[in-house]
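As stored in coords.csv (CSV, C-alpha atoms and all ligand atoms):
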chain,number,residue,atom,x,y,z
A,104,MET,CA,52.8,81.9,2.4
A,105,ILE,CA,56.3,82.9,1.5
A,106,ILE,CA,59.1,81.9,4.0
A,107,VAL,CA,62.3,83.8,3.7
A,108,LYS,CA,65.6,83.8,5.5
A,109,HIS,CA,67.8,86.5,3.9
A,110,PRO,CA,67.0,90.2,4.0
A,111,ALA,CA,67.6,90.5,0.2
A,112,GLU,CA,65.0,87.8,-0.4
A,113,LEU,CA,62.6,89.6,2.0
A,114,ASN,CA,63.1,92.8,0.1
A,115,ARG,CA,62.4,91.2,-3.3
A,116,HIS,CA,59.1,89.6,-2.1
A,117,LEU,CA,58.1,92.7,-0.2
A,118,SER,CA,58.6,95.0,-3.3
A,119,GLU,CA,56.4,92.7,-5.3
A,120,LEU,CA,53.6,92.6,-2.7
A,121,LYS,CA,53.8,96.3,-2.0
A,122,SER,CA,53.2,97.1,-5.7
A,123,LEU,CA,49.9,95.2,-5.4
A,124,HIS,CA,48.6,96.0,-1.9
A,125,ALA,CA,48.3,99.0,0.3
A,126,ASN,CA,49.8,99.0,3.9
A,127,THR,CA,52.1,96.5,5.5
A,128,GLY,CA,51.5,95.2,9.0
A,129,PHE,CA,54.4,93.7,10.9
A,130,VAL,CA,54.5,91.4,13.9
A,131,PRO,CA,58.0,90.6,15.4
A,132,THR,CA,58.1,87.4,17.5
A,133,MET,CA,60.6,85.0,18.9
A,134,GLY,CA,58.5,82.0,17.9
A,135,ALA,CA,57.1,79.3,20.1
A,136,LEU,CA,53.8,80.9,19.0
A,137,HIS,CA,50.6,80.8,21.0
A,138,ALA,CA,47.2,82.5,21.0
A,139,GLY,CA,48.8,85.7,22.3
A,140,HIS,CA,50.9,86.0,19.1
A,141,VAL,CA,47.9,85.0,17.0
A,142,SER,CA,45.9,87.9,18.3
A,143,LEU,CA,48.6,90.3,17.1
A,144,VAL,CA,48.7,88.5,13.7
A,145,ARG,CA,44.9,88.7,13.3
A,146,GLN,CA,44.9,92.4,14.0
A,147,ALA,CA,47.8,93.0,11.6
A,148,ARG,CA,46.0,91.0,8.9
A,149,ASN,CA,42.7,92.8,9.5
A,150,ASP,CA,44.3,96.3,9.3
A,151,ASN,CA,46.7,95.9,6.4
A,152,GLY,CA,46.9,94.6,2.8
A,153,ILE,CA,50.1,92.7,3.6
A,154,CYS,CA,51.0,90.8,6.8
A,155,VAL,CA,54.6,90.1,7.7
A,156,VAL,CA,55.7,88.1,10.8
A,157,SER,CA,59.3,87.6,11.9
A,158,VAL,CA,60.5,84.6,13.9
A,159,PHE,CA,63.9,85.4,15.4
A,160,VAL,CA,65.2,84.5,18.9
A,161,ASN,CA,67.3,87.7,19.4
A,162,PRO,CA,70.5,86.8,21.2
A,163,ARG,CA,71.2,90.5,22.0
A,164,GLN,CA,68.2,90.8,24.3
A,165,PHE,CA,69.1,88.0,26.6
A,166,ASN,CA,71.2,89.2,29.6
A,167,ASP,CA,71.3,85.6,30.8
A,168,GLN,CA,72.9,83.1,28.3
A,169,SER,CA,71.3,80.1,29.9
A,170,ASP,CA,67.9,81.7,29.4
A,171,LEU,CA,68.7,82.0,25.7
A,172,ALA,CA,69.8,78.4,25.5
A,173,LYS,CA,66.6,77.3,27.2
A,174,TYR,CA,64.3,79.5,25.1
A,175,PRO,CA,61.6,77.2,23.4
A,176,ARG,CA,61.9,76.8,19.7
A,177,THR,CA,59.1,75.2,17.6
A,178,PRO,CA,59.7,76.4,14.0
A,179,GLU,CA,57.5,73.8,12.3
A,180,LYS,CA,54.5,74.3,14.5
A,181,ASP,CA,55.0,78.1,14.2
A,182,LEU,CA,54.9,77.9,10.4
A,183,GLU,CA,51.7,75.8,10.6
A,184,ILE,CA,50.0,78.4,12.8
A,185,LEU,CA,51.1,81.3,10.6
A,186,GLU,CA,50.0,79.5,7.4
A,187,ALA,CA,46.5,78.9,8.9
A,188,GLU,CA,46.3,82.6,9.8
A,189,GLY,CA,46.9,83.6,6.2
A,190,VAL,CA,50.2,85.4,6.8
A,191,ASP,CA,51.9,86.6,3.6
A,192,ILE,CA,55.6,86.5,4.5
A,193,VAL,CA,57.4,84.8,7.4
A,194,PHE,CA,60.9,86.2,7.9
A,195,MET,CA,63.1,83.6,9.7
A,196,PRO,CA,66.6,85.0,9.6
A,197,ASP,CA,69.8,83.7,11.3
A,198,ALA,CA,71.7,86.0,13.7
A,199,GLU,CA,74.3,86.7,10.9
A,200,ASP,CA,71.5,88.0,8.7
A,201,ILE,CA,70.4,90.6,11.3
A,202,TYR,CA,73.9,91.3,12.7
A,203,PRO,CA,76.4,91.1,9.9
A,204,ASP,CA,79.0,92.7,12.1
A,205,LYS,CA,79.5,93.5,15.8
A,206,SER,CA,78.1,97.1,15.6
A,207,ARG,CA,75.3,98.0,17.9
A,208,ASN,CA,72.7,100.7,17.6
A,209,SER,CA,71.9,102.7,20.7
A,210,PHE,CA,68.9,104.9,21.2
A,211,ASP,CA,67.6,107.5,23.5
A,212,LEU,CA,65.1,105.4,25.5
A,213,ALA,CA,64.2,108.3,27.9
A,214,GLY,CA,65.1,106.3,31.0
A,215,LEU,CA,62.5,103.7,30.2
A,216,ASP,CA,65.3,101.1,30.1
A,217,ARG,CA,66.4,101.8,33.6
A,218,ILE,CA,63.4,100.7,35.6
A,219,MET,CA,61.7,97.3,36.2
A,220,GLU,CA,62.7,95.0,33.3
A,221,GLY,CA,65.5,97.3,32.4
A,222,TYR,CA,66.9,97.3,35.9
A,223,PHE,CA,66.6,93.6,36.5
A,224,ARG,CA,67.7,92.6,33.0
A,225,PRO,CA,70.6,95.0,32.2
A,226,GLY,CA,71.0,95.6,28.4
A,227,HIS,CA,67.7,93.8,27.6
A,228,PHE,CA,66.0,96.9,26.1
A,229,ASP,CA,69.1,97.9,24.2
A,230,GLY,CA,68.9,94.5,22.5
A,231,VAL,CA,65.2,94.8,21.9
A,232,ALA,CA,65.4,98.3,20.5
A,233,ASP,CA,68.4,97.3,18.3
A,234,VAL,CA,66.7,94.3,16.7
A,235,VAL,CA,63.3,96.0,16.2
A,236,TYR,CA,65.1,99.0,14.6
A,237,ARG,CA,66.9,96.6,12.2
A,238,LEU,CA,63.7,94.7,11.5
A,239,PHE,CA,61.7,97.9,10.9
A,240,ASN,CA,64.4,99.0,8.4
A,241,MET,CA,64.1,95.7,6.6
A,242,VAL,CA,60.3,95.3,6.5
A,243,LYS,CA,59.5,99.1,6.4
A,244,PRO,CA,56.0,98.5,7.8
A,245,ASP,CA,53.2,101.0,8.1
A,246,ARG,CA,52.0,99.5,11.3
A,247,ALA,CA,53.7,97.2,13.9
A,248,TYR,CA,52.0,95.2,16.6
A,249,PHE,CA,53.2,94.5,20.1
A,250,GLY,CA,51.5,92.9,23.1
A,251,GLU,CA,50.6,94.7,26.3
A,252,LYS,CA,51.9,91.5,28.0
A,253,ASP,CA,55.3,93.2,27.6
A,254,PHE,CA,54.0,96.6,28.5
A,255,GLN,CA,57.3,98.3,29.1
A,256,GLN,CA,58.7,96.9,25.8
A,257,LEU,CA,55.7,98.5,24.0
A,258,LEU,CA,56.6,101.9,25.4
A,259,VAL,CA,60.3,101.4,24.7
A,260,ILE,CA,59.5,100.7,21.0
A,261,ARG,CA,57.2,103.7,20.9
A,262,GLN,CA,60.0,105.8,22.3
A,263,MET,CA,62.7,104.4,19.9
A,264,THR,CA,60.3,105.0,17.0
A,265,LYS,CA,59.8,108.6,18.1
A,266,SER,CA,63.5,109.3,18.8
A,267,GLU,CA,64.5,107.9,15.4
A,268,ASN,CA,61.6,109.6,13.6
A,269,LEU,CA,60.4,106.4,12.0
A,270,ASP,CA,57.2,106.4,10.1
A,271,VAL,CA,55.7,103.4,11.8
A,272,GLU,CA,52.5,103.3,13.8
A,273,VAL,CA,53.1,101.2,16.9
A,274,ILE,CA,49.9,99.4,18.0
A,275,GLY,CA,49.5,97.7,21.4
A,276,ILE,CA,47.3,94.6,21.7
A,277,PRO,CA,45.6,93.4,25.0
A,278,ILE,CA,47.0,90.5,26.9
A,279,VAL,CA,45.7,87.1,26.0
A,280,ARG,CA,45.3,84.8,29.0
A,281,GLU,CA,44.8,81.1,29.6
A,282,ALA,CA,41.3,80.1,31.0
A,283,ASP,CA,42.7,80.3,34.5
A,284,GLY,CA,44.1,83.8,34.0
A,285,LEU,CA,47.8,83.1,33.5
A,286,ALA,CA,49.1,85.4,30.8
A,287,MET,CA,50.1,83.3,27.8
A,288,SER,CA,53.9,83.2,27.3
A,289,SER,CA,56.3,81.0,25.5
A,290,ARG,CA,58.0,80.6,28.9
A,291,ASN,CA,55.0,78.9,30.4
A,292,GLN,CA,56.1,75.7,28.6
A,293,ARG,CA,59.0,75.5,31.0
A,294,LEU,CA,56.8,75.5,34.1
A,295,SER,CA,56.7,72.2,36.1
A,296,GLU,CA,53.2,70.7,36.6
A,297,LYS,CA,53.1,72.1,40.1
A,298,GLY,CA,54.4,75.5,39.0
A,299,ARG,CA,51.8,75.6,36.2
A,300,ARG,CA,49.1,75.1,38.8
A,301,GLN,CA,50.4,77.9,41.1
A,302,ALA,CA,51.3,80.5,38.4
A,303,PRO,CA,47.7,81.7,37.9
A,304,ALA,CA,47.9,83.1,41.4
A,305,ILE,CA,49.9,86.1,39.9
A,306,TYR,CA,46.9,87.3,38.0
A,307,ARG,CA,44.4,86.6,40.8
A,308,VAL,CA,46.5,88.9,43.1
A,309,LEU,CA,46.7,91.6,40.4
A,310,ARG,CA,43.0,91.4,39.8
A,311,GLN,CA,42.2,91.7,43.5
A,312,ALA,CA,44.5,94.7,43.8
A,313,SER,CA,42.9,96.3,40.8
A,314,GLU,CA,39.4,96.0,42.3
A,315,THR,CA,40.4,97.5,45.7
A,316,PHE,CA,43.2,99.8,44.8
A,317,PRO,CA,42.0,103.4,45.6
A,318,ALA,CA,41.4,102.5,49.2
A,319,LEU,CA,45.1,102.0,49.7
A,320,THR,CA,48.2,104.0,48.8
A,321,PRO,CA,50.3,102.7,45.9
A,322,SER,CA,53.0,101.7,48.4
A,323,GLU,CA,50.4,99.7,50.4
A,324,VAL,CA,49.1,98.1,47.3
A,325,LYS,CA,52.6,97.0,46.4
A,326,SER,CA,53.3,95.6,49.8
A,327,GLU,CA,50.1,93.6,49.8
A,328,ILE,CA,50.9,92.2,46.3
A,329,ILE,CA,54.4,91.1,47.4
A,330,ARG,CA,53.0,89.6,50.6
A,331,GLN,CA,50.3,87.6,48.8
A,332,ILE,CA,52.7,86.4,46.0
A,333,ASP,CA,55.5,85.5,48.4
A,334,ASP,CA,53.0,83.6,50.6
A,335,ASN,CA,52.8,81.0,47.8
A,336,GLU,CA,55.7,78.7,48.4
A,337,LEU,CA,56.5,78.3,44.6
A,338,LEU,CA,56.3,82.0,43.8
A,339,SER,CA,58.8,84.8,44.6
A,340,CYS,CA,58.2,88.4,43.6
A,341,GLU,CA,61.2,90.1,41.9
A,342,TYR,CA,59.5,93.5,41.6
A,343,VAL,CA,56.2,95.2,41.6
A,344,GLU,CA,55.7,98.8,40.4
A,345,ILE,CA,52.8,101.0,39.8
A,346,VAL,CA,53.4,103.2,36.8
A,347,ASP,CA,51.6,105.8,34.7
A,348,GLY,CA,50.4,103.8,31.6
A,349,ASP,CA,51.4,106.6,29.2
A,350,THR,CA,54.8,107.7,30.6
A,351,MET,CA,55.8,104.6,32.7
A,352,HIS,CA,56.7,107.0,35.5
A,353,ILE,CA,56.6,105.2,38.9
A,354,THR,CA,53.9,106.7,41.0
A,355,ASP,CA,53.5,107.1,44.8
A,356,ASN,CA,50.0,108.6,44.6
A,357,TRP,CA,46.8,108.3,42.6
A,358,GLN,CA,46.8,111.9,41.5
A,359,GLY,CA,47.1,112.9,37.8
A,360,GLY,CA,47.9,110.1,35.4
A,361,ASN,CA,44.8,108.6,33.6
A,362,ALA,CA,45.6,104.9,33.4
A,363,PHE,CA,48.0,103.5,36.1
A,364,ARG,CA,49.3,100.0,35.6
A,365,ILE,CA,50.6,97.5,38.1
A,366,CYS,CA,53.6,95.6,36.6
A,367,VAL,CA,55.2,92.5,38.2
A,368,ALA,CA,58.0,90.0,37.6
A,369,VAL,CA,57.6,86.8,39.5
A,370,TRP,CA,59.8,83.7,39.7
A,371,CYS,CA,57.9,80.5,39.6
A,372,GLU,CA,60.5,78.0,40.6
A,373,ASN,CA,63.2,78.7,38.0
A,374,VAL,CA,60.9,80.4,35.4
A,375,ARG,CA,60.6,84.2,35.3
A,376,LEU,CA,57.1,85.4,34.5
A,377,ILE,CA,55.9,89.0,33.9
A,378,ASP,CA,52.4,90.3,34.0
A,379,ASN,CA,50.5,93.6,34.4
A,380,ILE,CA,47.1,95.0,34.8
A,381,ALA,CA,45.5,98.4,34.1
A,382,LEU,CA,43.9,100.3,36.9
A,383,THR,CA,40.7,102.2,36.0
A,384,LYS,CA,39.5,104.8,38.4
A,401,LIG,P1,57.8,87.2,22.0
A,401,LIG,O1,57.7,86.1,21.0
A,401,LIG,O2,57.6,86.7,23.4
A,401,LIG,O3,58.9,88.1,21.8
A,401,LIG,O4,56.4,88.0,21.8
A,401,LIG,C1,56.2,88.6,20.5
A,401,LIG,C2,55.1,89.6,20.7
A,401,LIG,O5,53.9,88.9,21.2
A,401,LIG,C3,55.4,90.7,21.7
A,401,LIG,O6,54.9,91.9,21.2
A,401,LIG,C4,54.6,90.2,22.9
A,401,LIG,O7,54.2,91.3,23.8
A,401,LIG,C5,53.4,89.6,22.3
A,401,LIG,N1,52.8,88.6,23.2
A,401,LIG,C6,53.4,87.6,23.9
A,401,LIG,N2,52.5,87.0,24.7
A,401,LIG,C7,51.3,87.7,24.6
A,401,LIG,C8,50.1,87.6,25.2
A,401,LIG,N3,49.8,86.6,26.2
A,401,LIG,N4,49.1,88.5,24.9
A,401,LIG,C9,49.3,89.4,24.0
A,401,LIG,N5,50.5,89.6,23.3
A,401,LIG,C10,51.5,88.7,23.7
Is it possible to give me this structure as structure tokens?
Amino acid sequence: MIIVKHPAELNRHLSELKSLHANTGFVPTMGALHAGHVSLVRQARNDNGICVVSVFVNPRQFNDQSDLAKYPRTPEKDLEILEAEGVDIVFMPDAEDIYPDKSRNSFDLAGLDRIMEGYFRPGHFDGVADVVYRLFNMVKPDRAYFGEKDFQQLLVIRQMTKSENLDVEVIGIPIVREADGLAMSSRNQRLSEKGRRQAPAIYRVLRQASETFPALTPSEVKSEIIRQIDDNELLSCEYVEIVDGDTMHITDNWQGGNAFRICVAVWCENVRLIDNIALTK
């Protein structure tokens, strides 16, 4: 496994590998890797001759600087995991390697950046799109893999790729969960013992809603989810929305749309968790 820090080094190794193998799969991460990341890596390896993973905690996507400072960092363990998965290149740049100057790229995100995560974390998706655009330009992958755990992010990246006419196939990978249903997340490490015990309630509530949803209106489903989450004394719902899974348009009825999704952000004590579930009619 080749570990590189500088974009020029990355380019050199990539040119060599690309002359030997067809197709490059790319998995961008912020490290503190878990089984959710591994599932993206396995798919990327399976589909492509070359598998590249980046580990970079992107300062531009944190609207809250204390969240950035507290973000878990486990580089040695990350490298062990990636080595065991047979990754070809790990790109671990510093911020100066990605942002040599203060310039920022901005994109037409088609309003996807103004709802839910975009509304509650102003500037977050500008930062995400900027870093992914830069990473795509450096790695020049044929396919890139993103988790449905960050469902809105997946659609933002698809939109950025479309608006910039990039020749990258953006592939979504299902959410990997703990045995008790909690969506795996690097942030779970920051939960207290008590919080960790209560956090799986988020998925239980989403599952229950997904099993009973057509009997209620979307607005009733949302109220019921908020009521059940806020009933738990450690949990507090920041938002719940029901969106069309293709367009991310918020819906107030069950007509049209083929795959609606319920998306939530929930505070568990001082840790912000997101999750979502697909609704199948
Ligand atoms: P992060 O390191 O949190 O930026 O995540 C890197 C990639 O892994 C993103 O595309 C995430 O959506 C994806 N990811 C994170 N957690 C999970 C999970 N539990 N299941 C599937 N994908 C995930």
Please build the interface table for region 144-228 of chain A against region 355-370 of chain A with a cut-off of 12 Å, listing for each qualifying residue the nearest atom pair and the distance in Å to one decimal; count all atoms listed in the file, order rows by chain and increasing number, and write it as a Markdown table.
| residue | atom | partner | partner_atom | distance |
| --- | --- | --- | --- | --- |
| A:Ile218 | CA | A:Cys366 | CA | 11.1 |
| A:Met219 | CA | A:Cys366 | CA | 8.3 |
| A:Glu220 | CA | A:Ala368 | CA | 8.1 |
| A:Gly221 | CA | A:Ala368 | CA | 11.7 |
| A:Tyr222 | CA | A:Ala368 | CA | 11.6 |
| A:Phe223 | CA | A:Ala368 | CA | 9.4 |
| A:Arg224 | CA | A:Ala368 | CA | 11.0 |
Closest atom pairs, residues of chain A within 7 Å of ligand LIG 401 (chain A), only C-alpha atoms and all ligand atoms, as JSON lines:
{"residue": "A:Pro131", "atom": "CA", "partner": "A:LIG401", "partner_atom": "C1", "distance": 5.8}
{"residue": "A:Thr132", "atom": "CA", "partner": "A:LIG401", "partner_atom": "C1", "distance": 3.7}
{"residue": "A:Met133", "atom": "CA", "partner": "A:LIG401", "partner_atom": "O1", "distance": 3.7}
{"residue": "A:Gly134", "atom": "CA", "partner": "A:LIG401", "partner_atom": "O1", "distance": 5.2}
{"residue": "A:Ala135", "atom": "CA", "partner": "A:LIG401", "partner_atom": "O1", "distance": 6.9}
{"residue": "A:Leu136", "atom": "CA", "partner": "A:LIG401", "partner_atom": "O1", "distance": 6.8}
{"residue": "A:Gly139", "atom": "CA", "partner": "A:LIG401", "partner_atom": "C8", "distance": 3.7}
{"residue": "A:His140", "atom": "CA", "partner": "A:LIG401", "partner_atom": "O5", "distance": 4.7}
{"residue": "A:Ser142", "atom": "CA", "partner": "A:LIG401", "partner_atom": "C9", "distance": 6.8}
{"residue": "A:Leu143", "atom": "CA", "partner": "A:LIG401", "partner_atom": "N5", "distance": 6.5}
{"residue": "A:Tyr248", "atom": "CA", "partner": "A:LIG401", "partner_atom": "O6", "distance": 6.4}
{"residue": "A:Phe249", "atom": "CA", "partner": "A:LIG401", "partner_atom": "O6", "distance": 3.3}
{"residue": "A:Gly250", "atom": "CA", "partner": "A:LIG401", "partner_atom": "O7", "distance": 3.2}
{"residue": "A:Glu251", "atom": "CA", "partner": "A:LIG401", "partner_atom": "O7", "distance": 5.5}
{"residue": "A:Lys252", "atom": "CA", "partner": "A:LIG401", "partner_atom": "O7", "distance": 4.8}
{"residue": "A:Asp253", "atom": "CA", "partner": "A:LIG401", "partner_atom": "O7", "distance": 4.4}
{"residue": "A:Ile276", "atom": "CA", "partner": "A:LIG401", "partner_atom": "C9", "distance": 6.0}
{"residue": "A:Pro277", "atom": "CA", "partner": "A:LIG401", "partner_atom": "C9", "distance": 5.5}
{"residue": "A:Ile278", "atom": "CA", "partner": "A:LIG401", "partner_atom": "N4", "distance": 3.5}
{"residue": "A:Val279", "atom": "CA", "partner": "A:LIG401", "partner_atom": "N4", "distance": 3.8}
{"residue": "A:Arg280", "atom": "CA", "partner": "A:LIG401", "partner_atom": "N3", "distance": 5.6}
{"residue": "A:Ala286", "atom": "CA", "partner": "A:LIG401", "partner_atom": "N3", "distance": 4.8}
{"residue": "A:Met287", "atom": "CA", "partner": "A:LIG401", "partner_atom": "N3", "distance": 3.7}
{"residue": "A:Ser288", "atom": "CA", "partner": "A:LIG401", "partner_atom": "N2", "distance": 4.8}
{"residue": "A:Ser289", "atom": "CA", "partner": "A:LIG401", "partner_atom": "O2", "distance": 6.2}
Pull the closest atom pair for each residue of region 243-352 of chain A that gets at most 9 Å from region 160-180 of chain A, along with the distance in Å to one decimal, counting all atoms listed in the file, ordering rows by chain and then ascending residue number, as CSV.
residue,atom,partner,partner_atom,distance
A:Ser289,CA,A:Pro175,CA,6.9
A:Arg290,CA,A:Pro175,CA,7.4
A:Gln292,CA,A:Pro175,CA,7.7
A:Arg293,CA,A:Pro175,CA,8.2
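Picture a line from CA of Lys108 (chain A) to CA of Ala125 (chain A); it runs 23.6 Å.
Across the structure, CA of Arg299 (chain A) and CA of Ser326 (chain A) are spaced 24.2 Å apart.
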Hey, can you check how far CA of Met104 (chain A) sits from CA of Leu185 (chain A)?
8.4 Å
Please provide the set of residues having any atom within 7 Å of Thr354 (chain A), restricted to all atoms listed in the file, with same-chain residues fewer than 6 positions apart removed, written as a VMD selection string.
chain A and resid 345 to 347
Selected residue of minimal separation from Gln331 (chain A) among A:His352, A:Arg148, A:Arg307, A:Arg375, counting all atoms listed in the file
A:Arg307
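Candidate residues A:Gly128, A:Gly298, A:Gly348, A:Gly214 were compared for distance to Met263 (chain A), and the nearest is A:Gly214, using only C-alpha atoms.
Distance annotation: of A:Phe159, A:Leu113, A:Asp229, A:Arg300, the residue with the minimal separation from Glu199 (chain A) is A:Phe159; atom set is all atoms listed in the file.
Using only C-alpha atoms, the shortest contact distance between Glu281 (chain A) and any of A:Ala138, A:Leu337, A:Val158, A:Val107 is found at A:Ala138.
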Tyr306 (chain A) proximity check over A:Asn379, A:Ser339, A:Gln146, A:Thr127, using only C-alpha atoms: winner is A:Asn379
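The nearest approach to Arg246 (chain A) among the residues A:Met195, A:Ala312, A:Ile105, A:Ile153, with only C-alpha atoms taken into account, belongs to A:Ile153.
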Neighbours of region 266-269 of chain A within 10 Å (only C-alpha atoms; same-chain residues fewer than 6 positions away dropped), as a PyMOL selection string?
chain A and resi 210-213+236+239-240+243-245+260
